[in-house]
file my_file-v3.txt (compact mmCIF, C-alpha atoms)
# COMPACT_ATOMS: atom_id res chain seq x y z
CA MET A 526 0.00 0.00 0.00
CA LYS A 527 2.79 2.43 0.95
CA SER A 528 4.67 1.70 -2.27
CA ILE A 529 1.56 2.12 -4.44
CA LEU A 530 0.55 5.37 -2.74
CA LYS A 531 4.08 6.70 -3.23
CA GLN A 532 4.00 5.75 -6.90
CA ILE A 533 0.58 7.42 -7.37
CA LYS A 534 1.97 10.57 -5.77
CA ASN A 535 5.08 10.56 -7.94
CA GLU A 536 2.90 10.20 -11.05
CA ARG A 537 0.41 12.81 -9.88
CA LYS A 538 0.62 14.86 -13.08
CA SER A 539 -0.74 12.09 -15.29
CA ASN A 540 -2.92 10.72 -12.51
CA THR A 541 -4.67 14.09 -12.13
CA PHE A 542 -6.09 13.84 -15.64
CA LEU A 543 -7.05 10.22 -15.02
CA TRP A 544 -8.72 11.17 -11.72
CA ALA A 545 -10.74 13.91 -13.45
CA GLU A 546 -11.82 11.47 -16.16
CA LEU A 547 -12.91 8.88 -13.59
CA CYS A 548 -14.88 11.51 -11.65
CA LEU A 549 -16.78 12.66 -14.74
CA VAL A 550 -17.40 9.15 -15.99
CA PHE A 551 -18.61 8.01 -12.57
CA ILE A 552 -21.20 10.81 -12.37
CA ILE A 553 -22.59 9.90 -15.81
CA LEU A 554 -22.55 6.21 -15.03
CA TRP A 555 -24.27 6.82 -11.69
CA PHE A 556 -27.12 8.59 -13.49
CA ILE A 557 -27.48 5.67 -15.90
CA VAL A 558 -27.37 3.06 -13.14
CA ASP A 559 -29.86 5.02 -11.04
CA MET A 560 -32.32 5.23 -13.94
CA VAL A 561 -32.01 1.52 -14.69
CA TYR A 562 -32.35 0.65 -11.00
CA VAL A 563 -35.55 2.69 -10.59
CA THR A 564 -37.11 1.28 -13.77
CA THR A 565 -36.21 -2.28 -12.79
CA ARG A 566 -37.50 -1.90 -9.24
CA VAL A 567 -40.80 -0.46 -10.43
CA TYR A 568 -41.30 -2.96 -13.25
CA PHE A 569 -40.61 -6.08 -11.17
CA ALA A 570 -42.35 -4.94 -7.97
CA PRO A 571 -45.35 -7.08 -6.88
CA MET A 572 -48.49 -6.20 -8.82
CA GLY A 573 -50.96 -7.20 -6.12
CA PHE A 574 -52.98 -9.30 -8.59
CA ASP A 575 -52.51 -12.14 -11.05
CA ILE A 576 -53.77 -12.17 -14.66
CA GLU A 577 -52.49 -15.60 -15.65
CA HIS A 578 -55.35 -17.82 -16.96
CA THR A 579 -57.79 -14.87 -16.98
CA TYR A 580 -60.06 -13.54 -19.73
CA VAL A 581 -62.46 -10.67 -20.17
CA MET A 582 -65.70 -11.04 -22.09
CA ARG A 583 -67.63 -8.19 -23.69
CA LEU A 584 -71.37 -8.54 -24.28
CA ASN A 585 -73.72 -6.65 -26.56
CA ARG A 586 -77.38 -6.44 -27.52
CA LEU A 587 -78.81 -7.60 -30.83
CA THR A 588 -80.07 -4.85 -33.11
CA PRO A 589 -83.41 -4.87 -34.94
CA LYS A 590 -81.51 -5.87 -38.09
CA SER A 591 -80.85 -9.31 -36.60
CA VAL A 592 -83.34 -12.09 -37.37
CA LEU A 593 -83.01 -13.22 -33.72
CA TYR A 594 -83.88 -9.80 -32.29
CA GLN A 595 -86.83 -9.81 -29.87
CA PRO A 596 -88.33 -6.30 -29.72
CA ASP A 597 -90.45 -6.93 -26.63
CA LEU A 598 -87.47 -7.49 -24.30
CA THR A 599 -86.52 -4.63 -21.95
CA ILE A 600 -83.44 -3.73 -19.93
CA ASP A 601 -84.82 -5.92 -17.12
CA ASP A 602 -84.84 -8.86 -19.51
CA ASP A 603 -81.32 -7.99 -20.61
CA LEU A 604 -80.19 -8.02 -17.00
CA GLU A 605 -81.71 -11.44 -16.43
CA ALA A 606 -80.07 -12.66 -19.64
CA LEU A 607 -76.71 -11.37 -18.38
CA LYS A 608 -77.12 -13.22 -15.10
CA GLU A 609 -78.06 -16.40 -16.96
CA ILE A 610 -74.94 -16.19 -19.15
CA VAL A 611 -72.72 -15.60 -16.11
CA ASP A 612 -74.34 -18.53 -14.30
CA ARG A 613 -73.71 -20.83 -17.25
CA LEU A 614 -70.10 -19.71 -17.41
CA ALA A 615 -69.64 -20.31 -13.68
CA HIS A 616 -70.86 -23.90 -14.09
CA ARG A 617 -68.32 -24.73 -16.76
CA PRO A 618 -65.83 -27.32 -15.41
CA ASP A 619 -62.88 -25.33 -16.77
CA VAL A 620 -63.90 -22.00 -15.17
CA GLU A 621 -62.77 -21.24 -11.61
CA ALA A 622 -64.41 -17.84 -10.96
CA VAL A 623 -66.58 -15.27 -12.78
CA SER A 624 -67.41 -11.65 -12.02
CA ILE A 625 -69.28 -8.74 -13.56
CA SER A 626 -67.69 -5.31 -13.36
CA GLN A 627 -67.73 -1.92 -15.00
CA ASN A 628 -64.42 -0.41 -16.17
CA CYS A 629 -62.41 -2.27 -13.52
CA ILE A 630 -60.21 -4.92 -15.11
CA PRO A 631 -56.41 -4.59 -14.81
CA TYR A 632 -54.62 -2.72 -17.61
CA ASN A 633 -57.84 -0.96 -18.53
CA ASP A 634 -57.38 2.32 -20.37
CA GLY A 635 -60.35 3.84 -18.54
CA SER A 636 -61.27 4.05 -14.89
CA ASN A 637 -63.93 5.33 -12.51
CA GLY A 638 -63.18 7.78 -9.73
CA ILE A 639 -64.96 8.29 -6.44
CA GLY A 640 -64.43 9.97 -3.08
CA PHE A 641 -65.24 8.95 0.46
CA THR A 642 -65.36 10.94 3.65
CA ILE A 643 -64.71 10.52 7.38
CA ASP A 644 -65.29 13.48 9.71
CA SER A 645 -65.53 15.95 6.80
CA THR A 646 -62.14 14.85 5.42
CA SER A 647 -62.33 13.38 1.92
CA VAL A 648 -60.09 11.10 -0.08
CA SER A 649 -60.34 10.39 -3.81
CA SER A 650 -59.61 6.97 -5.28
CA LEU A 651 -60.45 4.62 -8.11
CA HIS A 652 -63.85 2.99 -7.95
CA ARG A 653 -64.04 -0.77 -8.49
CA TRP A 654 -67.70 -1.41 -9.34
CA ILE A 655 -67.88 -5.21 -9.16
CA THR A 656 -69.81 -8.30 -8.14
CA PRO A 657 -68.38 -10.98 -5.82
CA GLY A 658 -65.91 -13.18 -7.64
CA PHE A 659 -63.77 -10.31 -8.93
CA PHE A 660 -61.13 -10.73 -6.23
CA GLN A 661 -60.91 -14.47 -6.89
CA VAL A 662 -60.61 -13.92 -10.64
CA PHE A 663 -57.63 -11.59 -10.24
CA ARG A 664 -56.44 -12.99 -6.90
CA TYR A 665 -56.31 -9.84 -4.83
CA GLN A 666 -55.00 -10.76 -1.38
CA ASN A 667 -56.55 -9.90 1.98
CA ILE A 668 -54.08 -8.21 4.34
CA ASP A 669 -54.98 -10.72 7.06
CA GLY A 670 -53.65 -13.56 4.92
CA SER A 671 -57.03 -15.19 4.31
CA GLY A 672 -56.74 -14.96 0.54
CA SER A 673 -59.10 -13.75 -2.16
CA LYS A 674 -62.36 -15.46 -1.22
CA SER A 675 -62.62 -13.57 2.05
CA LEU A 676 -62.56 -10.32 0.10
CA ASP A 677 -65.43 -11.51 -2.09
CA ASP A 678 -67.34 -12.70 0.98
CA ALA A 679 -66.93 -9.26 2.58
CA LEU A 680 -68.44 -7.45 -0.43
CA GLU A 681 -72.13 -6.72 0.22
CA GLU A 682 -74.60 -4.01 -0.70
CA GLN A 683 -73.57 -1.68 2.14
CA THR A 684 -69.92 -2.64 2.54
CA ILE A 685 -66.66 -1.62 0.94
CA VAL A 686 -63.47 -3.49 0.15
CA ALA A 687 -60.49 -1.14 -0.22
CA SER A 688 -56.75 -1.25 -0.72
CA VAL A 689 -54.88 -0.80 2.54
CA ASP A 690 -53.12 2.31 1.19
CA VAL A 691 -56.27 4.03 -0.07
CA ALA A 692 -55.99 6.95 2.41
CA ASP A 693 -52.21 7.36 2.32
CA GLN A 694 -52.38 10.21 -0.19
CA SER A 695 -54.07 12.42 2.42
CA PRO A 696 -51.94 12.90 5.57
CA ASN A 697 -54.82 14.74 7.25
CA PHE A 698 -57.21 11.83 6.87
CA PRO A 699 -58.12 10.63 10.38
CA VAL A 700 -57.55 6.90 9.72
CA HIS A 701 -54.87 5.05 7.73
CA GLY A 702 -53.75 1.53 7.01
CA GLU A 703 -55.27 -1.40 8.88
CA ALA A 704 -57.23 0.97 11.12
CA LEU A 705 -59.56 1.63 8.14
CA ARG A 706 -61.18 -1.78 8.55
CA GLY A 707 -64.54 -1.43 10.26
CA GLN A 708 -64.79 2.33 9.69
CA MET A 709 -68.04 3.87 8.46
CA VAL A 710 -67.46 6.17 5.48
CA GLN A 711 -69.70 8.31 3.34
CA VAL A 712 -69.23 7.55 -0.35
CA GLY A 713 -69.71 10.31 -2.90
CA SER A 714 -69.86 14.08 -2.73
CA ASN A 715 -73.52 14.27 -1.81
CA LYS A 716 -73.99 15.03 1.90
CA GLU A 717 -77.07 12.81 1.89
CA ALA A 718 -75.16 9.86 0.44
CA PRO A 719 -75.46 6.62 2.41
CA LYS A 720 -72.67 5.37 4.63
CA TYR A 721 -70.76 2.19 3.97
CA ARG A 722 -68.65 0.03 6.24
CA ILE A 723 -65.13 -0.90 5.17
CA ALA A 724 -65.42 -4.65 5.66
CA ALA A 725 -62.02 -5.79 4.36
CA LEU A 726 -58.69 -4.47 3.10
CA SER A 727 -56.56 -5.88 0.32
CA GLU A 728 -52.84 -5.68 -0.24
CA PRO A 729 -51.78 -2.69 -2.39
CA VAL A 730 -52.29 -3.18 -6.11
CA ARG A 731 -50.70 -1.43 -9.07
CA TYR A 732 -52.25 0.02 -12.20
CA ASP A 733 -49.61 -1.42 -14.53
CA HIS A 734 -45.92 -2.35 -14.63
CA PHE A 735 -44.86 1.26 -15.11
CA THR A 736 -46.92 2.75 -12.28
CA PRO A 737 -45.41 2.32 -8.80
CA ALA A 738 -47.36 1.08 -5.80
CA GLY A 739 -48.90 3.94 -3.87
CA HIS A 740 -49.65 5.98 -6.98
CA TRP A 741 -53.13 7.52 -7.02
CA GLU A 742 -54.08 5.24 -9.93
CA SER A 743 -53.45 2.22 -7.70
CA ARG A 744 -55.61 3.08 -4.69
CA TYR A 745 -59.21 1.92 -4.89
CA ILE A 746 -62.44 1.20 -3.10
CA ALA A 747 -64.74 -1.55 -4.35
CA THR A 748 -68.53 -1.51 -4.03
CA TYR A 749 -71.21 -4.00 -5.02
CA LEU A 750 -72.48 -3.55 -8.58
CA LEU A 751 -76.21 -3.59 -7.94
CA ASP A 752 -78.95 -4.41 -10.45
CA GLY A 753 -80.24 -0.85 -10.19
CA SER A 754 -76.85 0.54 -11.17
CA ILE A 755 -76.71 -1.72 -14.22
CA LYS A 756 -80.19 -0.62 -15.28
CA ALA A 757 -79.19 3.02 -14.85
CA MET A 758 -76.38 2.52 -17.36
CA GLY A 759 -79.01 1.62 -19.93
CA ALA A 760 -76.89 -0.89 -21.83
CA ILE A 761 -75.11 -4.17 -21.09
CA ARG A 762 -72.25 -3.26 -23.44
CA TYR A 763 -70.72 -1.01 -20.76
CA LEU A 764 -70.05 -4.06 -18.58
CA GLU A 765 -67.28 -6.63 -18.64
CA VAL A 766 -67.38 -10.26 -17.53
CA SER A 767 -64.08 -11.49 -16.10
CA LEU A 768 -63.21 -15.19 -15.93
CA ARG A 769 -60.43 -17.22 -14.35
CA VAL A 770 -59.77 -20.52 -16.07
CA ARG A 771 -58.55 -23.50 -14.09
CA GLU A 772 -54.91 -24.38 -14.58
CA GLY A 773 -54.42 -26.89 -17.36
CA TYR A 774 -57.45 -25.67 -19.34
CA THR A 775 -56.08 -22.39 -20.70
CA ASN A 776 -54.83 -23.67 -24.05
CA GLY A 777 -57.65 -23.36 -26.55
CA PHE A 778 -60.15 -22.08 -23.97
CA ALA A 779 -61.28 -19.11 -26.05
CA ASP A 780 -61.83 -21.26 -29.13
CA ARG A 781 -63.75 -23.88 -27.14
CA LEU A 782 -66.02 -21.28 -25.58
CA MET A 783 -66.69 -19.27 -28.74
CA GLU A 784 -67.35 -22.42 -30.79
CA TYR A 785 -70.75 -22.89 -29.15
CA ALA A 786 -71.31 -19.30 -28.03
CA ASP A 787 -74.37 -18.84 -30.26
CA GLN A 788 -76.09 -21.91 -28.83
CA LEU A 789 -75.03 -21.72 -25.16
CA TYR A 790 -74.34 -18.07 -24.38
CA GLN A 791 -76.89 -16.14 -26.37
CA VAL A 792 -79.89 -15.43 -24.15
CA GLY A 793 -82.68 -13.12 -25.26
CA ASN A 794 -81.08 -10.22 -27.07
CA ILE A 795 -77.72 -10.55 -25.28
CA TYR A 796 -74.78 -12.25 -26.97
CA ILE A 797 -71.00 -12.49 -26.57
CA LEU A 798 -69.24 -9.82 -28.58
CA ASP A 799 -65.64 -10.93 -27.96
CA LEU A 800 -63.35 -12.74 -25.55
CA GLN A 801 -59.81 -11.55 -24.84
CA SER A 802 -56.95 -12.80 -22.73
CA LEU A 803 -55.75 -10.36 -20.08
CA ASN A 804 -52.21 -10.98 -21.31
CA ASP A 805 -53.22 -9.58 -24.71
CA ILE A 806 -54.90 -6.61 -23.06
CA ARG A 807 -51.77 -5.98 -21.00
CA ARG A 808 -49.55 -6.01 -24.09
CA ALA A 809 -51.81 -3.52 -25.87
CA HIS A 810 -52.05 -1.28 -22.80
CA GLU A 811 -48.30 -1.19 -22.16
CA MET A 812 -47.17 -1.09 -25.79
CA ASP A 813 -46.28 2.63 -25.80
CA ASN A 814 -44.41 2.35 -22.50
CA MET A 815 -42.57 -0.76 -23.69
CA ASN A 816 -41.52 0.98 -26.92
CA GLU A 817 -40.28 3.96 -24.94
CA LEU A 818 -38.44 1.62 -22.58
CA ARG A 819 -36.74 -0.15 -25.50
CA THR A 820 -35.65 3.21 -26.89
CA GLN A 821 -34.23 4.23 -23.52
CA CYS A 822 -32.43 0.90 -23.23
CA CYS A 823 -30.81 1.39 -26.65
CA ILE A 824 -29.62 4.88 -25.68
CA LEU A 825 -28.33 3.67 -22.31
CA PHE A 826 -26.58 0.73 -23.95
CA PHE A 827 -24.87 3.11 -26.38
CA LEU A 828 -23.72 5.33 -23.50
CA LEU A 829 -22.54 2.34 -21.49
CA LEU A 830 -20.64 0.99 -24.47
CA ASN A 831 -18.86 4.32 -24.91
CA ILE A 832 -18.00 4.48 -21.22
CA PHE A 833 -16.90 0.87 -21.27
CA LEU A 834 -14.60 1.35 -24.25
CA GLY A 835 -13.30 4.66 -22.93
CA VAL A 836 -12.34 3.39 -19.49
CA ILE A 837 -10.93 0.12 -20.84
CA GLY A 838 -8.97 1.99 -23.51
CA THR A 839 -7.49 4.38 -20.96
CA PHE A 840 -6.18 1.66 -18.68
CA TRP A 841 -5.20 -0.56 -21.64
CA PHE A 842 -3.02 2.20 -23.05
CA ARG A 843 -1.68 3.01 -19.58
CA THR A 844 -0.72 -0.60 -18.86
CA GLN A 845 0.85 -1.15 -22.26
CA HIS A 846 3.20 1.76 -21.67
CA ARG A 847 4.35 0.30 -18.37
CA ARG A 848 5.83 -2.88 -19.79
CA SER A 849 9.32 -1.92 -18.61
CA GLU A 850 7.99 -1.43 -15.08
CA VAL A 851 6.39 -4.89 -15.19
CA ALA A 852 9.65 -6.37 -16.47
CA LEU A 853 11.63 -4.62 -13.73
CA HIS A 854 9.37 -6.03 -11.02
CA MET A 855 9.75 -9.53 -12.46
CA ALA A 856 13.54 -9.11 -12.84
CA LEU A 857 13.73 -8.23 -9.15
CA GLY A 858 11.96 -11.48 -8.25
CA ALA A 859 8.29 -10.56 -8.16
CA SER A 860 5.90 -13.29 -9.30
CA ARG A 861 3.43 -12.75 -12.13
CA SER A 862 0.45 -12.89 -9.78
CA ALA A 863 2.06 -10.31 -7.48
CA VAL A 864 2.68 -7.92 -10.38
CA PHE A 865 -0.84 -8.44 -11.69
CA LYS A 866 -2.39 -7.82 -8.27
CA ARG A 867 -0.31 -4.66 -7.88
CA LEU A 868 -1.56 -3.24 -11.18
CA ILE A 869 -5.17 -4.12 -10.40
CA PHE A 870 -4.96 -2.73 -6.89
CA GLU A 871 -3.43 0.51 -8.17
CA GLY A 872 -6.25 0.94 -10.70
CA LEU A 873 -8.94 0.27 -8.08
CA LEU A 874 -7.24 2.66 -5.68
CA LEU A 875 -7.32 5.41 -8.30
CA LEU A 876 -11.00 4.67 -8.85
CA THR A 877 -11.68 4.87 -5.09
CA PHE A 878 -9.91 8.24 -4.85
CA ALA A 879 -12.18 9.49 -7.64
CA VAL A 880 -15.42 8.02 -6.27
CA LEU A 881 -15.17 9.28 -2.68
CA PRO A 882 -15.41 13.02 -3.49
CA THR A 883 -17.78 12.34 -6.39
CA MET A 884 -20.27 10.72 -3.99
CA ILE A 885 -20.83 14.15 -2.46
CA VAL A 886 -21.75 15.50 -5.89
CA THR A 887 -24.09 12.62 -6.80
CA PHE A 888 -25.82 12.71 -3.42
CA ASN A 889 -26.54 16.43 -3.74
CA LEU A 890 -27.82 15.91 -7.28
CA GLY A 891 -30.21 13.28 -5.96
CA TYR A 892 -31.19 15.38 -2.96
CA ALA A 893 -31.97 18.29 -5.30
CA GLU A 894 -34.21 15.87 -7.26
CA VAL A 895 -32.25 16.23 -10.48
CA VAL A 896 -32.85 12.49 -10.86
CA GLU A 897 -36.34 11.06 -11.35
CA THR A 898 -38.33 10.96 -8.11
CA SER A 899 -41.90 10.58 -9.41
CA ARG A 900 -41.75 6.77 -9.38
CA MET A 901 -39.37 6.28 -6.44
CA PRO A 902 -38.28 8.76 -3.76
CA PHE A 903 -34.58 9.47 -3.48
CA ASP A 904 -33.25 8.06 -0.22
CA ILE A 905 -30.02 6.74 1.22
CA VAL A 906 -30.73 3.16 0.06
CA ARG A 907 -31.28 4.25 -3.54
CA PHE A 908 -28.12 6.39 -3.39
CA LEU A 909 -25.97 3.59 -1.98
CA VAL A 910 -27.30 0.98 -4.42
CA GLY A 911 -26.58 3.26 -7.38
CA THR A 912 -23.12 4.10 -6.03
CA LEU A 913 -22.16 0.47 -5.40
CA LEU A 914 -23.40 -0.70 -8.80
CA ALA A 915 -21.64 2.13 -10.61
CA TYR A 916 -18.44 1.43 -8.66
CA ALA A 917 -18.67 -2.28 -9.48
CA LEU A 918 -19.16 -1.58 -13.20
CA MET A 919 -16.22 0.80 -13.35
CA ALA A 920 -14.06 -1.62 -11.34
CA LEU A 921 -14.90 -4.33 -13.89
CA MET A 922 -13.94 -2.02 -16.75
CA ILE A 923 -10.62 -1.20 -15.07
CA VAL A 924 -9.84 -4.87 -14.43
CA VAL A 925 -10.58 -5.74 -18.07
CA GLY A 926 -8.51 -2.77 -19.25
CA ILE A 927 -5.53 -3.90 -17.17
CA TRP A 928 -5.79 -7.69 -17.41
CA TYR A 929 -5.06 -8.35 -21.09
CA PRO A 930 -2.17 -5.92 -21.69
CA ALA A 931 -0.65 -6.88 -18.31
CA ARG A 932 -0.86 -10.54 -19.29
CA GLN A 933 0.89 -9.77 -22.57
CA ALA A 934 3.58 -7.76 -20.80
CA MET A 935 4.25 -10.58 -18.34
CA ASN A 936 4.70 -13.07 -21.17
CA ILE A 937 7.71 -11.10 -22.47
CA GLN A 938 11.12 -11.90 -21.03
CA PRO A 939 12.23 -9.17 -18.58
CA ALA A 940 15.56 -8.68 -20.38
CA GLU A 941 13.80 -8.15 -23.70
CA ALA A 942 11.38 -5.60 -22.29
CA LEU A 943 14.16 -3.68 -20.56
CA HIS A 944 16.25 -3.77 -23.73
CA GLU A 945 13.36 -2.26 -25.74
CA GLU A 946 12.97 0.42 -23.11
call {"tool": "encode", "arguments": {"input": "my_file-v3.txt", "output": "structure tokens"}}
result
Amino acid sequence: MKSILKQIKNERKSNTFLWAELCLVFIILWFIVDMVYVTTRVYFAPMGFDIEHTYVMRLNRLTPKSVLYQPDLTIDDDLEALKEIVDRLAHRPDVEAVSISQNCIPYNDGSNGIGFTIDSTSVSSLHRWITPGFFQVFRYQNIDGSGSKSLDDALEEQTIVASVDVADQSPNFPVHGEALRGQMVQVGSNKEAPKYRIAALSEPVRYDHFTPAGHWESRYIATYLLDGSIKAMGAIRYLEVSLRVREGYTNGFADRLMEYADQLYQVGNIYILDLQSLNDIRRAHEMDNMNELRTQCCILFFLLLNIFLGVIGTFWFRTQHRRSEVALHMALGASRSAVFKRLIFEGLLLLTFAVLPTMIVTFNLGYAEVVETSRMPFDIVRFLVGTLLAYALMALMIVVGIWYPARQAMNIQPAEALHEE
């Protein structure tokens, strides 16, 4: 250590330029690593639901142009036809759970909003307008560990099921977290609106893979979709029927169901318009974000490649021009491994001298929110993770930049290298 530090000091003129390069490169690399870390953490965070083996069905009403149209049937008849179709679906041996909802499925481009109040303090959230079965279809989880069915069992005409973080956006709200369970809340802006009891709380859910947990688009309250509400909509086409297929029956499910849809699932004037997999809906919903992510990845890869080649090239050139020094060490009895370790340790020591003061700069940049903080707050953990990953990447570049030319230099006879010098 003493010898290396003395050598670094003696070569301080050239090392100053190298130190400045490492400082600048580390700041840029830290930004790149931080961006990738945030995106990765958000994308792979738990979603709070499961869309594997799930489908959504859209229904519609026959028009007078159809030969099967029955003009005497009303919205009440349409509602009964809807219930009959759902009941037939629920009795299929390959269907695990069925639910009716309005604008509530995951990865839906639209959503309903609603507010609820306790002691004159209101909170806004998404509104899940559903029938029991929804939580089992998408496997929302109760915070008490009792699974999805308990959430469906808790959903009644005058009860609410909500995400446990539904009130977190309002610090002044009198109740938060698990304490919300059992509270009586007034739903809607009308002062005469009825009160509902929060009967159960689910784990936090996310809107999509690019929206972090805790975002306003993720918090929700769910209420029972009553017959009167469906009639008030005036049309069945505004509803969606969600299904979960039993494992092992997914392949070909849509084709099997639609093959006999006209005979089995057309009741009155109501028929199946289409059937889509939630995986297909997810791909369509996230297509723009995925394209943007791919573009960002290409740009980041280009920047990383330039940094990689630049740092490797610097230390490659530096090591190649120290062949006589390597030969001198070996002529004085040093082993190849000892010489190699010395070169590597010197490079890492130079990197450490550059990183330590640069950490002050990167931390202040993060603290000033120059980095993205909308999806993840900047804290000490995020700072340290980005610093360690950036340090590890640069250390790898330095090792690669030293290893090959050092290996070549050590393969030359010491006398030959000294003679060339």
call {"tool": "residues_around", "arguments": {"input": "my_file-v3.txt", "residues": "region 715-732 of chain A", "least_positions_apart": "6", "cutoff": "10 Å", "atoms": "only C-alpha atoms", "output": "ChimeraX atom specification"}}
result
/A:570-574,630-634,641-643,645,660,665-670,672-673,675-691,702-709,738-748
call {"tool": "residues_around", "arguments": {"input": "my_file-v3.txt", "residues": "Leu598 (chain A)", "least_positions_apart": "4", "cutoff": "10 Å", "atoms": "only C-alpha atoms", "output": "list in words"}}
result
Tyr594, Asp602, Asp603, Gly793 and Asn794 of chain A
call {"tool": "closest_residue", "arguments": {"input": "my_file-v3.txt", "among": "A:Trp544, A:Phe888, A:Phe903, A:Phe840", "to": "Val924 (chain A)", "atoms": "only C-alpha atoms"}}
result
A:Phe840
call {"tool": "closest_atom_pairs", "arguments": {"input": "my_file-v3.txt", "of": "region 574-631 of chain A", "to": "region 758-774 of chain A", "cutoff": "6 Å", "atoms": "all atoms listed in the file", "output": "JSON lines"}}
result
{"residue": "A:His578", "atom": "CA", "partner": "A:Val770", "partner_atom": "CA", "distance": 5.3}
{"residue": "A:Thr579", "atom": "CA", "partner": "A:Arg769", "partner_atom": "CA", "distance": 4.4}
{"residue": "A:Tyr580", "atom": "CA", "partner": "A:Leu768", "partner_atom": "CA", "distance": 5.2}
{"residue": "A:Val581", "atom": "CA", "partner": "A:Ser767", "partner_atom": "CA", "distance": 4.5}
{"residue": "A:Met582", "atom": "CA", "partner": "A:Val766", "partner_atom": "CA", "distance": 4.9}
{"residue": "A:Arg583", "atom": "CA", "partner": "A:Glu765", "partner_atom": "CA", "distance": 5.3}
{"residue": "A:Leu584", "atom": "CA", "partner": "A:Arg762", "partner_atom": "CA", "distance": 5.4}
{"residue": "A:Asn585", "atom": "CA", "partner": "A:Arg762", "partner_atom": "CA", "distance": 4.8}
{"residue": "A:Asp619", "atom": "CA", "partner": "A:Arg771", "partner_atom": "CA", "distance": 5.4}
{"residue": "A:Val620", "atom": "CA", "partner": "A:Val770", "partner_atom": "CA", "distance": 4.5}
{"residue": "A:Glu621", "atom": "CA", "partner": "A:Arg771", "partner_atom": "CA", "distance": 5.4}
{"residue": "A:Ala622", "atom": "CA", "partner": "A:Arg769", "partner_atom": "CA", "distance": 5.3}
{"residue": "A:Val623", "atom": "CA", "partner": "A:Leu768", "partner_atom": "CA", "distance": 4.6}
{"residue": "A:Ser624", "atom": "CA", "partner": "A:Ser767", "partner_atom": "CA", "distance": 5.3}
{"residue": "A:Ile625", "atom": "CA", "partner": "A:Val766", "partner_atom": "CA", "distance": 4.7}
{"residue": "A:Ser626", "atom": "CA", "partner": "A:Glu765", "partner_atom": "CA", "distance": 5.5}
{"residue": "A:Gln627", "atom": "CA", "partner": "A:Leu764", "partner_atom": "CA", "distance": 4.8}
call {"tool": "closest_residue", "arguments": {"input": "my_file-v3.txt", "among": "A:Ala863, A:Leu818, A:Ala809, A:Val792", "to": "Leu593 (chain A)", "atoms": "only C-alpha atoms"}}
result
A:Val792
call {"tool": "atom_distance", "arguments": {"input": "my_file-v3.txt", "atom1": "CA of Asp597 (chain A)", "atom2": "CA of Asp752 (chain A)"}}
result
20.0 Å
call {"tool": "residues_around", "arguments": {"input": "my_file-v3.txt", "residues": "region 549-561 of chain A", "least_positions_apart": "3", "cutoff": "9 Å", "atoms": "all atoms listed in the file", "output": "ChimeraX atom specification"}}
result
/A:544-546,564-566,822,825,828-829,832,836,879-880,883-884,886-887,896-897,907-908,910-912,914-916,918-919
call {"tool": "atom_distance", "arguments": {"input": "my_file-v3.txt", "atom1": "CA of Leu604 (chain A)", "atom2": "CA of Asn628 (chain A)"}}
result
17.5 Å
call {"tool": "closest_residue", "arguments": {"input": "my_file-v3.txt", "among": "A:Val710, A:Val592, A:Val906, A:Ala606", "to": "Gly640 (chain A)", "atoms": "all atoms listed in the file"}}
result
A:Val710
call {"tool": "closest_residue", "arguments": {"input": "my_file-v3.txt", "among": "A:Val700, A:Met526, A:Cys823, A:Leu782", "to": "Leu800 (chain A)", "atoms": "all atoms listed in the file"}}
result
A:Leu782
call {"tool": "closest_residue", "arguments": {"input": "my_file-v3.txt", "among": "A:Ala920, A:Leu890, A:Ile797, A:Val648", "to": "Gln711 (chain A)", "atoms": "all atoms listed in the file"}}
result
A:Val648
call {"tool": "atom_distance", "arguments": {"input": "my_file-v3.txt", "atom1": "CA of Ser636 (chain A)", "atom2": "CA of Gly658 (chain A)"}}
result
19.3 Å
call {"tool": "axis_aligned_box", "arguments": {"input": "my_file-v3.txt", "around": "region 593-604 of chain A", "padding_each_side": "8 Å", "output": "AutoDock Vina command-line options"}}
result
--center_x -85.3 --center_y -8.5 --center_z -25.4 --size_x 26.3 --size_y 25.5 --size_z 32.7
call {"tool": "build_atoms", "arguments": {"input": "my_file-v3.txt", "residues": "region 640-646 of chain A", "atoms": "N, CA and C atoms", "output": "short mmCIF file (atom, residue, chain, number, x, y, z; two decimals), in the frame of the given file"}}
result
data_model
loop_
_atom_site.label_atom_id
_atom_site.label_comp_id
_atom_site.auth_asym_id
_atom_site.auth_seq_id
_atom_site.Cartn_x
_atom_site.Cartn_y
_atom_site.Cartn_z
N GLY A 640 -64.98 9.47 -4.33
CA GLY A 640 -64.43 9.97 -3.08
C GLY A 640 -65.21 9.44 -1.90
N PHE A 641 -64.54 9.34 -0.77
CA PHE A 641 -65.24 8.95 0.46
C PHE A 641 -64.74 9.82 1.60
N THR A 642 -65.59 9.94 2.62
CA THR A 642 -65.36 10.94 3.65
C THR A 642 -65.48 10.34 5.04
N ILE A 643 -64.60 10.78 5.94
CA ILE A 643 -64.71 10.52 7.38
C ILE A 643 -64.47 11.84 8.08
N ASP A 644 -65.42 12.24 8.91
CA ASP A 644 -65.29 13.48 9.71
C ASP A 644 -64.94 14.67 8.82
N SER A 645 -65.67 14.81 7.72
CA SER A 645 -65.53 15.95 6.80
C SER A 645 -64.21 15.98 6.06
N THR A 646 -63.40 14.93 6.17
CA THR A 646 -62.14 14.85 5.42
C THR A 646 -62.31 13.82 4.32
#
